[in-house]
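This report refers to the structure that appears directly beneath it.
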Amino acid sequence: MAWNEPGGGGNQHDPWSGGGRRGGGNGGGGKGGGNQPPDLDEALKKFQDKLNGMLGGRGGKKGGSGGKGGGGKPRNAFTLPGLLLLVALAIWAASGFYLVDQSERGVVLRFGKFQEVVTPGLQWNPPLIDDVRMVNVTRVRSLTQTQSMLTRDENIVEVEISAQYQVADPRDFVLNVRNPQLSIENALDSALRHVVGGTDMIDILTSGREILGSSVASRLQSYQDIYGTGIRLQTINIESTSAPDQVIDAFDDVIRAREDRQRTINQGMAYANAIIPEAQGQAQRIVEQGQGYRESVVAEARGQASRFNALLGQYEEAPSIMRERLYLDAISEVFGSTPKVMVDVADDSPLMYLPLDQMGKSGPRSAEPQGEQGELDPRVLERLRSSQGAASSSSNTSNSSNTGGIRREGR
């Protein structure tokens with residue numbers, strides 16, 4: 001039978017209807033004639049039926065040419081909301097995962113109340129229930145202030161100060177203070193004014209800057225501990241200190257004068273350090289020389305005393321001989337150091353004087369003629385011989401070899 005022949009089953013072979021997949025609800029004479037294309041609404045209904053079957057319901061099948069066929073299960077009304085709820089729960093649970101960096105700590109608040117501090121790594125907290133606030137605990141934060149303030153001696157000074165700090169306690173940093181940056185700025189200003197107000201201006205401008213910085217640091221850290229900000233100071237630097245612009249020239253002159261004074265003091269100390277050791281060395285040398293002289297004098301005196309005691313014993317045994325010996329020793333000592341010779345002659349003759357020093361100087365000049373210079377008068381030689389002969393026969397004559405021809409007169 002041809003597909004377009006009259007009859008009930010001819011529409012099932014319509015090539016436009018997919019070979020009988022389309023039901024003939026209205027029979028061969030219905031609207032769905034064999035010359036129309038496939039219906040998109042029907043295809044969409046089929047897809048919806050399949051989706052309902054997946055959700056638990058069964059859609060009704062269409063019968064033959066007699067119309068729509070019933071007999072399927074009714075669809076569950078809570079299946080789609082349940083599926084949507086599961087998807088929402090999965091998304092909510094997945095959004096609770098987060099990663100804490102190595103330099104950070106996470107402060108967990110559950111319904112606004114502190115719960116815990118999480119460490120670096122992959123963490124999970126229920127979204128919309130827990131609030132996690134990340135705090136960097138390794139970054140060094142800094143702030144700088146420039147303030148004009150009054151010193152103890154009622155002068156105005158401008159101080160520029162900088163502070164570096166880190167977060168030591170994330171919980172206190174997040175919960176105890178609403179604005180930690182503003183809190184530390186106000187605390188730094190308060191500590192600086194307190195320290196500067198108790199210091200003279202000249203100390204702030206010159207040698208007291210290091211003391212000023214350490215005092216401000218200790219006071220500022222005590223303020224942070226009292227406030228409970230969870231901040232730990234690293235360094236406090238006094239960047240600059242200066243007088244107001246109106247009087248800066250006068251203060252520069254004062255500073256230069258102080259530097260000149262200090263330089264002069266240093267020069268004086270250097271001179272003192274150089275001259276004092278030298279003077280101490282000279283004093284020590286004089287003391288040692290005095291001690292040596294004292295010891296030599298004492299030793300000499302002791303030797304003379306011992307010699308005198310020895311001579312005393314000899315004098316007691318032979319007084320005349322010892323007197324003569326002592327006299328000869330004294331004369332030898334007196335005249336032994338002079339180059340002159342005195343000859344003791346007779347009572348009515350003049351004292352003869354021989355300039356042996358001049359004679360010794362003229363002796364080496366052998367080129368001069370004999371008898372002119374360097375030669376004694378014969379009369380002098382005769383007198384010398386006679387005096388020597390008389391001295392040898394007299395008992396009051398001294399030993400000529402020891403005295404060099406000296407003879408004392410009127411013993």
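Labels used: A, B, ... for chains in the order of the structure tokens, numbers from 1 for residues in each chain, and numbers from 1 for ligands as shown.
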Residues of stretch 121-167 of chain A that have any atom at most 12 Å from an atom of stretch 189-196 of chain A: could you tabulate them with the shortest-distance atom pair and the distance in Å to one decimal, using only C-alpha atoms, ordered by chain and increasing number, as CSV?
residue,atom,partner,partner_atom,distance
A:Leu143,CA,A:Asp189,CA,11.3
A:Thr144,CA,A:Asp189,CA,10.3
A:Gln145,CA,A:Asp189,CA,7.9
A:Thr146,CA,A:Asp189,CA,9.3
A:Gln147,CA,A:Asp189,CA,8.0
A:Ser148,CA,A:Arg193,CA,9.1
A:Met149,CA,A:Arg193,CA,6.6
A:Leu150,CA,A:Val196,CA,7.2
A:Thr151,CA,A:Val196,CA,5.5
A:Arg152,CA,A:Val196,CA,7.3
A:Asp153,CA,A:Val196,CA,10.3
A:Glu154,CA,A:Val196,CA,10.8
A:Asn155,CA,A:Val196,CA,10.5
A:Ile156,CA,A:Val196,CA,10.0
A:Val157,CA,A:Val196,CA,8.8
A:Glu158,CA,A:Val196,CA,10.2
A:Val159,CA,A:Leu192,CA,8.8
A:Glu160,CA,A:Leu192,CA,10.1
A:Ile161,CA,A:Leu192,CA,8.6
A:Ser162,CA,A:Asp189,CA,10.9
A:Ala163,CA,A:Asp189,CA,11.1
Taking N, CA and C atoms for each residue, export the selection above as a PDB file, in the first residue's frame.
ATOM      1  N   LEU A 143      56.243  53.815  59.950  1.00  0.00           N
ATOM      2  CA  LEU A 143      55.553  55.097  59.946  1.00  0.00           C
ATOM      3  C   LEU A 143      56.562  56.184  60.294  1.00  0.00           C
ATOM      4  N   THR A 144      56.329  57.378  59.814  1.00  0.00           N
ATOM      5  CA  THR A 144      57.229  58.519  60.018  1.00  0.00           C
ATOM      6  C   THR A 144      56.407  59.722  60.440  1.00  0.00           C
ATOM      7  N   GLN A 145      56.926  60.467  61.414  1.00  0.00           N
ATOM      8  CA  GLN A 145      56.259  61.660  61.909  1.00  0.00           C
ATOM      9  C   GLN A 145      57.268  62.791  62.037  1.00  0.00           C
ATOM     10  N   THR A 146      56.817  63.997  61.783  1.00  0.00           N
ATOM     11  CA  THR A 146      57.603  65.214  61.981  1.00  0.00           C
ATOM     12  C   THR A 146      56.773  66.159  62.831  1.00  0.00           C
ATOM     13  N   GLN A 147      57.264  66.476  64.022  1.00  0.00           N
ATOM     14  CA  GLN A 147      56.501  67.266  64.969  1.00  0.00           C
ATOM     15  C   GLN A 147      57.360  68.402  65.513  1.00  0.00           C
ATOM     16  N   SER A 148      56.721  69.519  65.837  1.00  0.00           N
ATOM     17  CA  SER A 148      57.348  70.636  66.556  1.00  0.00           C
ATOM     18  C   SER A 148      56.839  70.598  67.981  1.00  0.00           C
ATOM     19  N   MET A 149      57.764  70.615  68.938  1.00  0.00           N
ATOM     20  CA  MET A 149      57.368  70.473  70.332  1.00  0.00           C
ATOM     21  C   MET A 149      58.279  71.299  71.218  1.00  0.00           C
ATOM     22  N   LEU A 150      57.859  71.459  72.471  1.00  0.00           N
ATOM     23  CA  LEU A 150      58.534  72.305  73.446  1.00  0.00           C
ATOM     24  C   LEU A 150      59.464  71.462  74.296  1.00  0.00           C
ATOM     25  N   THR A 151      60.692  71.959  74.502  1.00  0.00           N
ATOM     26  CA  THR A 151      61.676  71.255  75.311  1.00  0.00           C
ATOM     27  C   THR A 151      61.598  71.703  76.764  1.00  0.00           C
ATOM     28  N   ARG A 152      62.457  71.102  77.610  1.00  0.00           N
ATOM     29  CA  ARG A 152      62.444  71.429  79.033  1.00  0.00           C
ATOM     30  C   ARG A 152      62.890  72.866  79.288  1.00  0.00           C
ATOM     31  N   ASP A 153      63.815  73.382  78.482  1.00  0.00           N
ATOM     32  CA  ASP A 153      64.286  74.760  78.663  1.00  0.00           C
ATOM     33  C   ASP A 153      63.468  75.752  77.853  1.00  0.00           C
ATOM     34  N   GLU A 154      62.220  75.377  77.512  1.00  0.00           N
ATOM     35  CA  GLU A 154      61.245  76.259  76.878  1.00  0.00           C
ATOM     36  C   GLU A 154      61.712  76.736  75.508  1.00  0.00           C
ATOM     37  N   ASN A 155      62.277  75.840  74.731  1.00  0.00           N
ATOM     38  CA  ASN A 155      62.617  76.103  73.337  1.00  0.00           C
ATOM     39  C   ASN A 155      61.812  75.164  72.450  1.00  0.00           C
ATOM     40  N   ILE A 156      61.621  75.582  71.211  1.00  0.00           N
ATOM     41  CA  ILE A 156      60.869  74.786  70.250  1.00  0.00           C
ATOM     42  C   ILE A 156      61.859  74.062  69.357  1.00  0.00           C
ATOM     43  N   VAL A 157      61.628  72.776  69.152  1.00  0.00           N
ATOM     44  CA  VAL A 157      62.493  71.959  68.328  1.00  0.00           C
ATOM     45  C   VAL A 157      61.635  71.106  67.411  1.00  0.00           C
ATOM     46  N   GLU A 158      62.126  70.881  66.206  1.00  0.00           N
ATOM     47  CA  GLU A 158      61.450  70.026  65.231  1.00  0.00           C
ATOM     48  C   GLU A 158      62.170  68.685  65.181  1.00  0.00           C
ATOM     49  N   VAL A 159      61.410  67.618  65.355  1.00  0.00           N
ATOM     50  CA  VAL A 159      61.970  66.265  65.402  1.00  0.00           C
ATOM     51  C   VAL A 159      61.258  65.416  64.354  1.00  0.00           C
ATOM     52  N   GLU A 160      62.048  64.748  63.529  1.00  0.00           N
ATOM     53  CA  GLU A 160      61.519  63.769  62.573  1.00  0.00           C
ATOM     54  C   GLU A 160      61.919  62.374  63.059  1.00  0.00           C
ATOM     55  N   ILE A 161      60.922  61.531  63.286  1.00  0.00           N
ATOM     56  CA  ILE A 161      61.153  60.211  63.860  1.00  0.00           C
ATOM     57  C   ILE A 161      60.449  59.161  63.006  1.00  0.00           C
ATOM     58  N   SER A 162      61.049  57.993  62.897  1.00  0.00           N
ATOM     59  CA  SER A 162      60.459  56.872  62.160  1.00  0.00           C
ATOM     60  C   SER A 162      60.480  55.633  63.048  1.00  0.00           C
ATOM     61  N   ALA A 163      59.453  54.797  62.885  1.00  0.00           N
ATOM     62  CA  ALA A 163      59.319  53.573  63.687  1.00  0.00           C
ATOM     63  C   ALA A 163      59.020  52.403  62.764  1.00  0.00           C
TER      64      ALA A 163
END
Those in stretch 156-301 of chain A with strand (DSSP E or B) from DSSP, as a PyMOL selection string: chain A and resi 156-167+231-242
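Taking atom CA of A:Leu80 and atom CA of A:Phe47 as endpoints, the distance between them is 15.8 Å.
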What's the separation between atom CA of A:Gly197 and atom CA of A:Ile236, in Å to one decimal place? 18.0 Å
Contacts of stretch 136-138 of chain A within 10 Å, only C-alpha atoms, excl. fewer than 3 positions in-chain, as a compact mmCIF listing (two decimals) with C-alpha atoms, in the first residue's frame:
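Generated file (result_11.txt):
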# COMPACT_ATOMS: atom_id res chain seq x y z
CA ASP A 101 50.25 31.84 53.16
CA GLN A 102 53.47 31.15 55.06
CA SER A 103 53.80 34.78 56.14
CA GLU A 104 50.18 35.03 57.33
CA ARG A 105 47.98 33.87 60.16
CA GLY A 106 44.21 33.61 59.99
CA ARG A 141 55.48 48.09 58.82
CA TYR A 165 57.14 47.35 63.85
CA GLN A 166 55.66 43.88 63.28
CA VAL A 167 52.50 42.07 64.36
CA ALA A 168 53.36 39.80 67.28
CA ASP A 169 49.84 38.65 68.26
CA PRO A 170 47.30 38.44 65.38
CA ILE A 231 52.47 45.05 68.01
Quick one: everything within 10 Å of stretch 111-118 of chain A, counting only C-alpha atoms, minus sequence neighbours fewer than 6 positions away in the same chain. Send it as an MDAnalysis selection string. chainID A and resid 100 104:105 124 128:134 169:171 175
